[in-house]
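Just below is one structure, and these are the notes that go with it.
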Amino acid sequence: MPTIHLFEDDMCVDLHPFHAVEGVQGIRFGGFLQSERWASVQRSLPLEQGGPDQIHVNARWIPGPDALDLLSTLEPGAALSQDNVLLAKSSVEGGNMVREIPSDAPQQLLRSANQLFAELGAQIVSDRAALEAEWNLTPMNNQGPTLVFGPPEDILISPSASIKAATIDAESGPVMIGPNATIEVGAHLKGPLIVGNGATVRMAARISGPTVIGDGCKVGGEISNVNFQGWANKAHDGFLGNSVIGRWCNLGAGTEPSNLKNTYGEVRQWDERTQGLVGTGLQFCGLLMGDHSKCGIGTTFNTGTVVDPACVIFDAGFPPKHLPAFSWFNARTQEMRTQDIDRMLSTAEKVMARRGYTLTHDQRDRLSQLHAERAQRG
């Protein structure tokens, strides 16, 4: 069968900071990483004599039901395009045939970091069937102390998940709890919601959808409309809403990001492309935190704050609305330093080792590159 290779285009900058370490292929939107979505498509591609042996696919393309047909009919030397955005191309040399996607069958693309929470509900629903098959989910048998609200068939549980005396509300959308996930006593889950592989929802947590708790995360307190990319901790009390949290992040107890301005007006946010604050068009917009960033107990964030990868924020006060990568920031004194690369990598290794993971050479190289770019900017 043809091999699919994912490529990144110039529009990937609008996904900042979540493509910075793992690339666009590592972004989680709904139930799956982009790499997982395309691996599934590749397994289904037919092997046809004379067809391309490799297909290069835009990593921002979210494959829908017709993606397989579009790629299966891609001729050698041809390409697929939508609104002047290259979606896929064959690696076979030949003519420059470009097939435009019909306007009545548009393909979905990742366009912005805020999309990862603002459009999360529809994607959760769209991923339901695939997750049911992937995780062997079955409707919850409502026996024991857990209370269920809404259609029982919309509460889907892996056989290896553990739920203890929780309340689950599927009236607004499905609740899917993955393999080896743990729901502790007194937690309240409201859909649409995905609790990923090995994730833990702590005692008395209040989780409102649309929310995705990625693999290995530990979450508690009040959470509303948040996309956890995976292996992040927000294990204690404090509110988090309309936000995206990267891998290997830790939010200290009592962390409180604002998601609504006192004026109820449009939230402005750091834009990596223009290097300044721009309007988001959103009334509710919380925190975007890149991979491996940490904040101490009682940290407060303004609406629309963007924290780049490998930052450390501590002490009382509000940090600025944008912290560049490797910031070591004292919120009380407003002192900003650049975190030492060796210190940061040592911490990352310790954090990942606790979960049985190691820092790969590619991750180490990318973090080192981000540190060099930060040092160059000053």
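Just so we're on the same page: first chain in the structure tokens is A, next is B, and so on; residues restart at 1 for each chain, and ligands are numbered from 1 in the order they show up.
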
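The residue set within 10 Å of Asp362 of chain A, counting only C-alpha atoms and dropping same-chain residues fewer than 5 places from it, reads A:Val21, A:Glu22, A:Leu367, A:Ser368.
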
Produce a table with one row for each residue of segment 312-344 of chain A that has an atom at most 12 Å from any atom of segment 284-301 of chain A, each row naming the nearest atom pair and its distance in Å at one decimal; use only C-alpha atoms; arrange rows by chain and rising residue number; format as CSV.
residue,atom,partner,partner_atom,distance
A:Val312,CA,A:Lys294,CA,4.9
A:Ile313,CA,A:Cys295,CA,4.6
A:Phe314,CA,A:Gly296,CA,4.8
A:Asp315,CA,A:Gly296,CA,6.8
A:Ala316,CA,A:Thr299,CA,6.3
A:Gly317,CA,A:Thr300,CA,6.5
A:Phe318,CA,A:Thr300,CA,5.5
A:Pro319,CA,A:Phe301,CA,6.5
A:Pro320,CA,A:Phe301,CA,8.2
A:Lys321,CA,A:Phe301,CA,7.8
A:His322,CA,A:Leu288,CA,9.6
A:Leu323,CA,A:Met289,CA,9.5
A:Pro324,CA,A:Gly290,CA,10.0
A:Ala325,CA,A:Gly290,CA,8.5
A:Phe326,CA,A:Ser293,CA,8.4
A:Ser327,CA,A:Ser293,CA,9.2
A:Trp328,CA,A:Lys294,CA,9.8
A:Phe329,CA,A:Cys295,CA,9.4
A:Asn330,CA,A:Gly296,CA,10.1
A:Ala331,CA,A:Thr299,CA,8.2
A:Arg332,CA,A:Thr299,CA,10.2
A:Gln339,CA,A:Ser293,CA,11.2
A:Met344,CA,A:His292,CA,8.7

Any chance you could export the current selection's C-alpha atoms as a short mmCIF file (atom, residue, chain, number, x, y, z; two decimals), in the first residue's frame?
data_model
loop_
_atom_site.label_atom_id
_atom_site.label_comp_id
_atom_site.auth_asym_id
_atom_site.auth_seq_id
_atom_site.Cartn_x
_atom_site.Cartn_y
_atom_site.Cartn_z
CA VAL A 312 8.13 28.12 34.52
CA ILE A 313 5.83 30.64 36.28
CA PHE A 314 5.86 31.10 40.04
CA ASP A 315 4.86 33.40 42.92
CA ALA A 316 1.77 35.62 43.25
CA GLY A 317 0.72 37.98 40.45
CA PHE A 318 -0.31 37.99 36.81
CA PRO A 319 2.25 37.07 34.14
CA PRO A 320 2.10 38.92 30.79
CA LYS A 321 -0.34 37.68 28.15
CA HIS A 322 2.53 36.04 26.29
CA LEU A 323 5.52 34.18 27.68
CA PRO A 324 8.11 33.12 25.08
CA ALA A 325 9.62 29.65 25.24
CA PHE A 326 11.89 28.86 28.19
CA SER A 327 10.66 31.82 30.25
CA TRP A 328 11.51 31.62 33.97
CA PHE A 329 9.05 34.18 35.33
CA ASN A 330 8.49 35.57 38.83
CA ALA A 331 4.91 36.86 38.75
CA ARG A 332 5.38 38.88 41.96
CA GLN A 339 15.54 28.98 31.73
CA MET A 344 14.86 22.14 31.69
#

- Which neighbours of segment 121-136 of chain A fall inside 7 Å, counting only C-alpha atoms, when residues of the same chain fewer than 2 positions from it are skipped, and could you give them as a count of residues only? 9

- Query: By how many Å are atom CA of Asn242 of chain A and atom CA of Asn227 of chain A apart?
  - Reply: 8.2 Å

- Message: DSSP on the backbone, strand (DSSP E or B) only: what residues of segment 20-103 of chain A does that give? Format it as a VMD selection string.
- Response: chain A and resid 28 to 29 32 to 33 54 to 58 61 to 62 78 to 82 85 to 90 97 to 100

Would you export the selected residues with N, CA and C atoms as a PDB file, in the first residue's frame, please?
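The resulting file, selection_32.pdb, is reproduced below:
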ATOM      1  N   ARG A  28      -3.595  16.862  19.309  1.00  0.00           N
ATOM      2  CA  ARG A  28      -4.828  16.126  19.598  1.00  0.00           C
ATOM      3  C   ARG A  28      -6.025  17.057  19.429  1.00  0.00           C
ATOM      4  N   PHE A  29      -6.968  16.634  18.567  1.00  0.00           N
ATOM      5  CA  PHE A  29      -8.221  17.358  18.379  1.00  0.00           C
ATOM      6  C   PHE A  29      -9.326  16.329  18.404  1.00  0.00           C
ATOM      7  N   PHE A  32      -8.352  11.857  18.741  1.00  0.00           N
ATOM      8  CA  PHE A  32      -7.147  11.317  18.125  1.00  0.00           C
ATOM      9  C   PHE A  32      -6.107  12.401  17.848  1.00  0.00           C
ATOM     10  N   LEU A  33      -4.836  11.965  17.832  1.00  0.00           N
ATOM     11  CA  LEU A  33      -3.763  12.785  17.294  1.00  0.00           C
ATOM     12  C   LEU A  33      -3.877  12.783  15.773  1.00  0.00           C
ATOM     13  N   GLN A  54       4.112   6.628  -2.573  1.00  0.00           N
ATOM     14  CA  GLN A  54       4.123   7.545  -1.448  1.00  0.00           C
ATOM     15  C   GLN A  54       3.138   8.682  -1.720  1.00  0.00           C
ATOM     16  N   ILE A  55       2.473   9.119  -0.658  1.00  0.00           N
ATOM     17  CA  ILE A  55       1.575  10.262  -0.750  1.00  0.00           C
ATOM     18  C   ILE A  55       1.935  11.227   0.371  1.00  0.00           C
ATOM     19  N   HIS A  56       2.152  12.467   0.021  1.00  0.00           N
ATOM     20  CA  HIS A  56       2.467  13.502   0.996  1.00  0.00           C
ATOM     21  C   HIS A  56       1.181  14.256   1.324  1.00  0.00           C
ATOM     22  N   VAL A  57       0.824  14.264   2.609  1.00  0.00           N
ATOM     23  CA  VAL A  57      -0.455  14.808   3.057  1.00  0.00           C
ATOM     24  C   VAL A  57      -0.207  15.966   4.019  1.00  0.00           C
ATOM     25  N   ASN A  58      -0.998  17.024   3.858  1.00  0.00           N
ATOM     26  CA  ASN A  58      -0.923  18.175   4.750  1.00  0.00           C
ATOM     27  C   ASN A  58      -1.315  17.744   6.168  1.00  0.00           C
ATOM     28  N   TRP A  61      -4.753  18.606   7.697  1.00  0.00           N
ATOM     29  CA  TRP A  61      -5.972  18.024   7.151  1.00  0.00           C
ATOM     30  C   TRP A  61      -6.522  16.998   8.146  1.00  0.00           C
ATOM     31  N   ILE A  62      -7.772  17.198   8.547  1.00  0.00           N
ATOM     32  CA  ILE A  62      -8.464  16.255   9.425  1.00  0.00           C
ATOM     33  C   ILE A  62      -9.271  15.316   8.533  1.00  0.00           C
ATOM     34  N   ALA A  78      -0.214  13.678  -9.447  1.00  0.00           N
ATOM     35  CA  ALA A  78      -1.350  14.574  -9.210  1.00  0.00           C
ATOM     36  C   ALA A  78      -1.319  15.118  -7.790  1.00  0.00           C
ATOM     37  N   ALA A  79      -2.155  16.129  -7.572  1.00  0.00           N
ATOM     38  CA  ALA A  79      -2.254  16.757  -6.249  1.00  0.00           C
ATOM     39  C   ALA A  79      -3.699  17.123  -5.971  1.00  0.00           C
ATOM     40  N   LEU A  80      -4.020  17.255  -4.686  1.00  0.00           N
ATOM     41  CA  LEU A  80      -5.332  17.714  -4.238  1.00  0.00           C
ATOM     42  C   LEU A  80      -5.176  19.078  -3.604  1.00  0.00           C
ATOM     43  N   SER A  81      -6.119  19.975  -3.901  1.00  0.00           N
ATOM     44  CA  SER A  81      -6.047  21.326  -3.365  1.00  0.00           C
ATOM     45  C   SER A  81      -7.430  21.787  -2.955  1.00  0.00           C
ATOM     46  N   GLN A  82      -7.483  22.676  -1.981  1.00  0.00           N
ATOM     47  CA  GLN A  82      -8.734  23.294  -1.545  1.00  0.00           C
ATOM     48  C   GLN A  82      -8.463  24.750  -1.208  1.00  0.00           C
ATOM     49  N   VAL A  85      -4.971  25.764  -0.902  1.00  0.00           N
ATOM     50  CA  VAL A  85      -4.202  25.063   0.121  1.00  0.00           C
ATOM     51  C   VAL A  85      -3.938  23.647  -0.378  1.00  0.00           C
ATOM     52  N   LEU A  86      -2.664  23.267  -0.450  1.00  0.00           N
ATOM     53  CA  LEU A  86      -2.298  21.926  -0.902  1.00  0.00           C
ATOM     54  C   LEU A  86      -2.648  20.925   0.189  1.00  0.00           C
ATOM     55  N   LEU A  87      -3.497  19.945  -0.156  1.00  0.00           N
ATOM     56  CA  LEU A  87      -3.892  18.916   0.800  1.00  0.00           C
ATOM     57  C   LEU A  87      -3.049  17.663   0.670  1.00  0.00           C
ATOM     58  N   ALA A  88      -2.748  17.263  -0.567  1.00  0.00           N
ATOM     59  CA  ALA A  88      -1.994  16.032  -0.775  1.00  0.00           C
ATOM     60  C   ALA A  88      -1.355  16.058  -2.149  1.00  0.00           C
ATOM     61  N   LYS A  89      -0.244  15.351  -2.273  1.00  0.00           N
ATOM     62  CA  LYS A  89       0.415  15.229  -3.568  1.00  0.00           C
ATOM     63  C   LYS A  89       1.123  13.892  -3.641  1.00  0.00           C
ATOM     64  N   SER A  90       1.200  13.360  -4.855  1.00  0.00           N
ATOM     65  CA  SER A  90       1.923  12.128  -5.078  1.00  0.00           C
ATOM     66  C   SER A  90       3.406  12.436  -5.241  1.00  0.00           C
ATOM     67  N   MET A  97      -0.870  17.832 -12.433  1.00  0.00           N
ATOM     68  CA  MET A  97      -2.323  17.828 -12.356  1.00  0.00           C
ATOM     69  C   MET A  97      -2.768  18.168 -10.934  1.00  0.00           C
ATOM     70  N   VAL A  98      -3.570  19.209 -10.803  1.00  0.00           N
ATOM     71  CA  VAL A  98      -4.087  19.607  -9.504  1.00  0.00           C
ATOM     72  C   VAL A  98      -5.599  19.481  -9.530  1.00  0.00           C
ATOM     73  N   ARG A  99      -6.118  18.654  -8.667  1.00  0.00           N
ATOM     74  CA  ARG A  99      -7.561  18.455  -8.591  1.00  0.00           C
ATOM     75  C   ARG A  99      -8.098  19.274  -7.423  1.00  0.00           C
ATOM     76  N   GLU A 100      -9.022  20.175  -7.701  1.00  0.00           N
ATOM     77  CA  GLU A 100      -9.606  21.026  -6.675  1.00  0.00           C
ATOM     78  C   GLU A 100     -10.771  20.298  -6.000  1.00  0.00           C
TER      79      GLU A 100
END

- Query: Which residues, written as a PyMOL selection string, have at least one atom at most 12 Å from segment 161-168 of chain A, with only C-alpha atoms counted and residues fewer than 3 positions away on the same chain left out?
  - Reply: chain A and resi 135-138+140-152+154-158+171-193+195-209
